[in-house]
Amino acid sequence: MQGLTEQLSDFIANARHRPVPDALLDRVRNGFIDTVGVMLAGQDEPVVQVVRAFVAARPASSQEARVLMGATRTAARDAALINATAGHALDYDDVGLMGHPSVVLVPALLAEGERLHASGAALLRAYLVGYEVWAELIGRDQARHHDKGWHPTAVFGVMAVASAVAALRGLKAGPCRHALGIAASMASGLIANFGSMTKPFHAGQAAAHGIDAVNLAQAGMTAAPDALEHHAGYLAALSPSGQVDRGPMAVDAARPLRFAATGLTVKKYPMCFATHRVLDAMLDLVRAHDLRPDQVQTVRATVGVTQATMLRNHLPRTGLEAKFSLEFAVAAALVARKVGLAELSDAFVLRPDVQALFPCVQIVTTDTLCPSEPTLALSDRVVIETTNSACFDSGEIFETRGGMAAPLTLEDLKIKFMDCTARLGTAGQTGLFERLVRFDALHDVNTLLPD
């Protein structure tokens, strides 16, 4: 019987022969649109400048792919490193599979697609391969990776990128198997670094290392044939308590792709996803009851244990810290009645009226689990008590706007894209958005932007 590593290698090698419903490709396309937008929005963040300088200081490399959709070109793996870091720098990128699939897959595939002169449709299909491998691996562990200190975007993202790039290149099963084994030894990323520059770098590192793994496999580097399922392999290392399934996959050719069931959630707010249901509820309550900050006595927010672990910054002083602060999410909703890129600035975070609200926020945790997104509780809840003893209760909140149950429309996506790409000017924004909407019709992704 084949082991897991070998089974996944066969899946990657044979991906081009499997039909994919157009509806799924449309949803993947939306992930490309959103990722390009947030990537351009994050290009001036300090972490991106650090990574660009790091790449520029090395000996000149080949000019294979664009950096941040501009005129500068570099090696595909370096373009992926910079672009994925930028895409995650604002924490505005989409979520799924307990992490951020598109921010590692899209920059890596765009860079590789430019190098190979691949079509848009080929990139969409390769994305699905990477997503499925991520879904297969993360679904085998019953313990939450965030609670163990692992950032899924990094430790599973590198496996997804290696799989997607191998599929895009049309590798046979043998090199795919080596690429998976090499990528497994490159998997890393710690929750402790949330709220610092290193967190977005996790995405860049995963995108670059995924390409590195395929490059090394094609150059002749070997890896263990059971690197994923071995008792001292990838899955076991990520699950020290042993609560992980290391057995082979159940063979079911008729099983639909996991993307059809789980898909992506496109973020409405440039903050950690753990805050989003609370933000939805806060904004609804503030608008419905016309609440002012000086009217609020306390805000009690009930979230999951894992959510509370990620939201570690209780007294943020910078926009970066505020992305991982439930106190800031509540305060911004009350003060600005919106939470967009303007609110995630150091100046806004340091406003006295924002800082004054932090002590009013009480965080209550529940150990229930959302079946589709286990980093979240089954439901969140917000209760606002005012200075005149009124009480406003959101009730249980099960869904996130932008998710599978309430997806953003193409017009919603365009509004976010235009906000993220304002520096391009209206004509540049509109042209790029329209080409991305027709992404699957591009015969060569190099035509996405004019030279």
# chains A, B, ... in the order shown; residues from 1 in each chain; ligands from 1
$ closest_atom_pairs --of "stretch 2-100 of chain A" --to "stretch 125-142 of chain A" --cutoff "9 Å" --atoms "only C-alpha atoms" --output "JSON lines"
{"residue": "A:Leu8", "atom": "CA", "partner": "A:Val133", "partner_atom": "CA", "distance": 7.2}
{"residue": "A:Phe11", "atom": "CA", "partner": "A:Val129", "partner_atom": "CA", "distance": 8.2}
{"residue": "A:Ile12", "atom": "CA", "partner": "A:Val129", "partner_atom": "CA", "distance": 6.5}
{"residue": "A:Ala15", "atom": "CA", "partner": "A:Val129", "partner_atom": "CA", "distance": 6.9}
{"residue": "A:Arg16", "atom": "CA", "partner": "A:Arg125", "partner_atom": "CA", "distance": 7.8}
{"residue": "A:Val20", "atom": "CA", "partner": "A:Arg125", "partner_atom": "CA", "distance": 7.7}
{"residue": "A:Leu24", "atom": "CA", "partner": "A:Leu128", "partner_atom": "CA", "distance": 8.8}
{"residue": "A:Leu25", "atom": "CA", "partner": "A:Arg125", "partner_atom": "CA", "distance": 7.4}
{"residue": "A:Val28", "atom": "CA", "partner": "A:Tyr127", "partner_atom": "CA", "distance": 7.5}
{"residue": "A:Leu97", "atom": "CA", "partner": "A:Ala135", "partner_atom": "CA", "distance": 6.4}
{"residue": "A:Met98", "atom": "CA", "partner": "A:Ile138", "partner_atom": "CA", "distance": 8.4}
$ write_last_selection --atoms "C-alpha atoms" --output "CSV table (one decimal), in the first residue's frame"
chain,number,residue,atom,x,y,z
A,8,LEU,CA,0.2,13.1,-2.5
A,11,PHE,CA,-2.0,13.5,-6.7
A,12,ILE,CA,0.2,16.4,-7.7
A,15,ALA,CA,-3.6,17.0,-11.3
A,16,ARG,CA,-3.7,18.2,-14.9
A,20,VAL,CA,-12.3,21.2,-12.2
A,24,LEU,CA,-14.4,26.7,-8.2
A,25,LEU,CA,-12.0,28.4,-10.6
A,28,VAL,CA,-9.9,30.9,-6.8
A,97,LEU,CA,-7.6,26.1,6.5
A,98,MET,CA,-6.7,27.8,9.8
$ residues_around --residues "A:Leu410" --least-positions-apart "6" --cutoff "12 Å" --atoms "only C-alpha atoms" --output "mmCIF file with C-alpha atoms, in the first residue's frame"
data_model
loop_
_atom_site.group_PDB
_atom_site.id
_atom_site.type_symbol
_atom_site.label_atom_id
_atom_site.label_comp_id
_atom_site.auth_asym_id
_atom_site.auth_seq_id
_atom_site.Cartn_x
_atom_site.Cartn_y
_atom_site.Cartn_z
ATOM 1 C CA ASP A 26 -14.073 31.597 -10.249
ATOM 2 C CA ARG A 27 -13.644 31.482 -6.478
ATOM 3 C CA ARG A 29 -9.772 33.871 -9.192
ATOM 4 C CA ASN A 30 -11.268 36.031 -6.449
ATOM 5 C CA GLY A 31 -8.389 34.946 -4.231
ATOM 6 C CA ILE A 33 -7.785 39.525 -7.172
ATOM 7 C CA ASP A 34 -7.827 40.076 -3.419
ATOM 8 C CA VAL A 266 -12.097 37.416 2.023
ATOM 9 C CA GLY A 402 -16.853 37.534 3.518
ATOM 10 C CA LYS A 416 -11.673 46.779 -1.381
ATOM 11 C CA PHE A 417 -9.300 46.435 -4.358
ATOM 12 C CA PHE A 433 -8.912 44.807 -11.835
ATOM 13 C CA GLU A 434 -10.566 44.025 -15.177
ATOM 14 C CA LEU A 436 -7.709 40.018 -13.020
ATOM 15 C CA VAL A 437 -11.440 39.373 -13.469
#
$ residues_around --residues "A:Pro240" --least-positions-apart "4" --cutoff "10 Å" --atoms "only C-alpha atoms" --output "ChimeraX atom specification"
/A:143,148,235-236,244
$ write_last_selection --atoms "C-alpha atoms" --output "PDB file, in the first residue's frame"
ATOM      1  CA  ALA A 143      -5.042  19.430  18.158  1.00  0.00           C
ATOM      2  CA  LYS A 148       1.043  24.444  20.023  1.00  0.00           C
ATOM      3  CA  LEU A 235       3.204  15.275  10.838  1.00  0.00           C
ATOM      4  CA  ALA A 236       4.633  13.736  14.008  1.00  0.00           C
ATOM      5  CA  VAL A 244      -2.293  12.959  14.357  1.00  0.00           C
TER       6      VAL A 244
END
$ atom_distance --atom1 "atom CA of A:Gly425" --atom2 "atom CA of A:Leu413"
17.4 Å
$ residues_around --residues "A:Ala56" --least-positions-apart "5" --cutoff "10 Å" --atoms "only C-alpha atoms" --output "MDAnalysis selection string"
chainID A and resid 50:51 61 74 78
$ residues_around --residues "A:His443" --least-positions-apart "2" --cutoff "8 Å" --atoms "only C-alpha atoms" --output "list in words"
Ala118, Ser119, Gly120, Ala441 and Val445 of chain A
$ residues_around --residues "A:Ala308" --least-positions-apart "4" --cutoff "8 Å" --atoms "only C-alpha atoms" --output "list in words"
Ala274, Val303, Gly304, Arg312, Ile363 and Thr365 of chain A
$ write_last_selection --atoms "C-alpha atoms" --output "PDB file, in the first residue's frame"
ATOM      1  CA  ALA A 274      -9.870  36.254  15.155  1.00  0.00           C
ATOM      2  CA  VAL A 303     -14.273  34.467  21.801  1.00  0.00           C
ATOM      3  CA  GLY A 304     -12.483  31.137  21.559  1.00  0.00           C
ATOM      4  CA  ARG A 312      -2.107  38.997  22.626  1.00  0.00           C
ATOM      5  CA  ILE A 363     -12.525  39.233  27.110  1.00  0.00           C
ATOM      6  CA  THR A 365     -13.210  32.731  26.450  1.00  0.00           C
TER       7      THR A 365
END
$ select_by_dssp --residues "stretch 281-407 of chain A" --states "strand (DSSP E or B)" --output "list of chain:residue names"
A:Val296, A:Gln297, A:Thr298, A:Val299, A:Arg300, A:Ala301, A:Thr302, A:Val303, A:Gly304, A:Val361, A:Gln362, A:Ile363, A:Val364, A:Thr365, A:Thr366, A:Asp380, A:Arg381, A:Val382, A:Val383, A:Ile384, A:Glu385, A:Thr386, A:Cys391, A:Phe392, A:Asp393, A:Ile397
$ write_last_selection --atoms "C-alpha atoms" --output "tab-separated table (two decimals), in the first residue's frame"
chain	number	residue	atom	x	y	z
A	296	VAL	CA	-19.96	52.88	26.88
A	297	GLN	CA	-19.26	51.44	30.31
A	298	THR	CA	-18.05	47.97	29.34
A	299	VAL	CA	-17.86	45.74	26.29
A	300	ARG	CA	-17.80	42.02	27.01
A	301	ALA	CA	-16.51	40.00	24.05
A	302	THR	CA	-16.75	36.21	24.10
A	303	VAL	CA	-14.27	34.47	21.80
A	304	GLY	CA	-12.48	31.14	21.56
A	361	VAL	CA	-13.07	45.71	27.14
A	362	GLN	CA	-13.56	42.40	28.95
A	363	ILE	CA	-12.52	39.23	27.11
A	364	VAL	CA	-14.35	36.01	27.98
A	365	THR	CA	-13.21	32.73	26.45
A	366	THR	CA	-15.04	29.58	25.44
A	380	ASP	CA	-18.60	34.78	19.31
A	381	ARG	CA	-20.73	37.25	21.22
A	382	VAL	CA	-20.65	40.96	22.12
A	383	VAL	CA	-22.51	42.59	25.02
A	384	ILE	CA	-22.29	46.37	25.43
A	385	GLU	CA	-23.31	47.99	28.74
A	386	THR	CA	-23.75	51.74	28.72
A	391	CYS	CA	-27.52	46.64	27.57
A	392	PHE	CA	-27.12	45.69	23.91
A	393	ASP	CA	-26.45	42.05	23.06
A	397	ILE	CA	-22.42	35.15	15.98
$ closest_atom_pairs --of "stretch 178-287 of chain A" --to "stretch 344-359 of chain A" --cutoff "10 Å" --atoms "only C-alpha atoms" --output "tab-separated table"
residue	atom	partner	partner_atom	distance
A:Tyr269	CA	A:Leu344	CA	9.8
A:Pro270	CA	A:Leu344	CA	7.6
A:Met271	CA	A:Leu344	CA	8.3
$ write_last_selection --atoms "N, CA and C atoms" --output "PDB file, in the first residue's frame"
ATOM      1  N   TYR A 269     -11.772  43.493   7.052  1.00  0.00           N
ATOM      2  CA  TYR A 269     -10.996  44.372   7.916  1.00  0.00           C
ATOM      3  C   TYR A 269      -9.525  43.960   7.889  1.00  0.00           C
ATOM      4  N   PRO A 270      -8.598  44.933   7.939  1.00  0.00           N
ATOM      5  CA  PRO A 270      -7.162  44.605   7.914  1.00  0.00           C
ATOM      6  C   PRO A 270      -6.624  44.236   9.290  1.00  0.00           C
ATOM      7  N   MET A 271      -7.280  43.262   9.906  1.00  0.00           N
ATOM      8  CA  MET A 271      -6.899  42.812  11.239  1.00  0.00           C
ATOM      9  C   MET A 271      -6.920  41.295  11.287  1.00  0.00           C
TER      10      MET A 271
END
$ select_by_dssp --residues "stretch 102-325 of chain A" --states "helix (DSSP H, G or I)" --output "MDAnalysis selection string"
chainID A and resid 102:116 120:138 145:148 152:155 157:169 173:184 191:193 198:219 234:238 258:260 273:289 293:295 305:310 319:322
$ residues_around --residues "A:Thr430" --least-positions-apart "5" --cutoff "9 Å" --atoms "only C-alpha atoms" --output "MDAnalysis selection string"
chainID A and resid 414 418 425 435
$ atom_distance --atom1 "atom CA of A:Phe259" --atom2 "atom CA of A:Phe156"
15.5 Å
$ closest_residue --among "A:Leu315, A:Ala329, A:Val335, A:Ala405" --to "A:Asp294" --atoms "only C-alpha atoms"
A:Val335
$ closest_residue --among "A:Pro371, A:Gly431, A:Gly170, A:Gly233" --to "A:Thr447" --atoms "only C-alpha atoms"
A:Gly431
$ decode --residues "stretch 165-185 of chain A" --atoms "N, CA and C atoms" --output "tab-separated table (two decimals), in the first residue's frame"
chain	number	residue	atom	x	y	z
A	165	VAL	N	3.60	24.54	-7.28
A	165	VAL	CA	4.65	24.83	-8.26
A	165	VAL	C	5.05	23.56	-9.00
A	166	ALA	N	5.12	22.44	-8.29
A	166	ALA	CA	5.42	21.17	-8.95
A	166	ALA	C	4.35	20.82	-9.97
A	167	ALA	N	3.10	21.06	-9.62
A	167	ALA	CA	2.01	20.80	-10.56
A	167	ALA	C	2.08	21.73	-11.76
A	168	LEU	N	2.37	23.00	-11.52
A	168	LEU	CA	2.47	23.97	-12.61
A	168	LEU	C	3.58	23.58	-13.59
A	169	ARG	N	4.68	23.07	-13.06
A	169	ARG	CA	5.80	22.66	-13.91
A	169	ARG	C	5.58	21.30	-14.57
A	170	GLY	N	4.53	20.58	-14.14
A	170	GLY	CA	4.26	19.27	-14.73
A	170	GLY	C	5.23	18.19	-14.30
A	171	LEU	N	5.72	18.26	-13.05
A	171	LEU	CA	6.67	17.25	-12.57
A	171	LEU	C	6.00	15.89	-12.44
A	172	LYS	N	6.78	14.86	-12.63
A	172	LYS	CA	6.32	13.49	-12.39
A	172	LYS	C	6.35	13.19	-10.90
A	173	ALA	N	5.82	12.04	-10.54
A	173	ALA	CA	5.63	11.72	-9.13
A	173	ALA	C	6.93	11.67	-8.35
A	174	GLY	N	8.00	11.15	-8.94
A	174	GLY	CA	9.27	11.03	-8.22
A	174	GLY	C	9.81	12.36	-7.74
A	175	PRO	N	10.00	13.34	-8.64
A	175	PRO	CA	10.44	14.65	-8.18
A	175	PRO	C	9.45	15.34	-7.24
A	176	CYS	N	8.16	15.10	-7.45
A	176	CYS	CA	7.16	15.66	-6.51
A	176	CYS	C	7.39	15.13	-5.11
A	177	ARG	N	7.67	13.84	-5.01
A	177	ARG	CA	7.90	13.23	-3.69
A	177	ARG	C	9.11	13.86	-3.00
A	178	HIS	N	10.19	14.07	-3.75
A	178	HIS	CA	11.37	14.71	-3.17
A	178	HIS	C	11.07	16.15	-2.78
A	179	ALA	N	10.33	16.86	-3.62
A	179	ALA	CA	9.98	18.25	-3.30
A	179	ALA	C	9.18	18.34	-2.01
A	180	LEU	N	8.24	17.42	-1.81
A	180	LEU	CA	7.47	17.40	-0.57
A	180	LEU	C	8.37	17.15	0.63
A	181	GLY	N	9.28	16.21	0.51
A	181	GLY	CA	10.18	15.90	1.62
A	181	GLY	C	11.11	17.06	1.94
A	182	ILE	N	11.61	17.73	0.92
A	182	ILE	CA	12.48	18.89	1.14
A	182	ILE	C	11.68	20.01	1.80
A	183	ALA	N	10.49	20.29	1.27
A	183	ALA	CA	9.65	21.35	1.84
A	183	ALA	C	9.31	21.06	3.29
A	184	ALA	N	9.09	19.79	3.62
A	184	ALA	CA	8.73	19.43	5.00
A	184	ALA	C	9.82	19.82	5.97
A	185	SER	N	11.09	19.77	5.54
A	185	SER	CA	12.19	20.17	6.41
A	185	SER	C	12.39	21.68	6.44
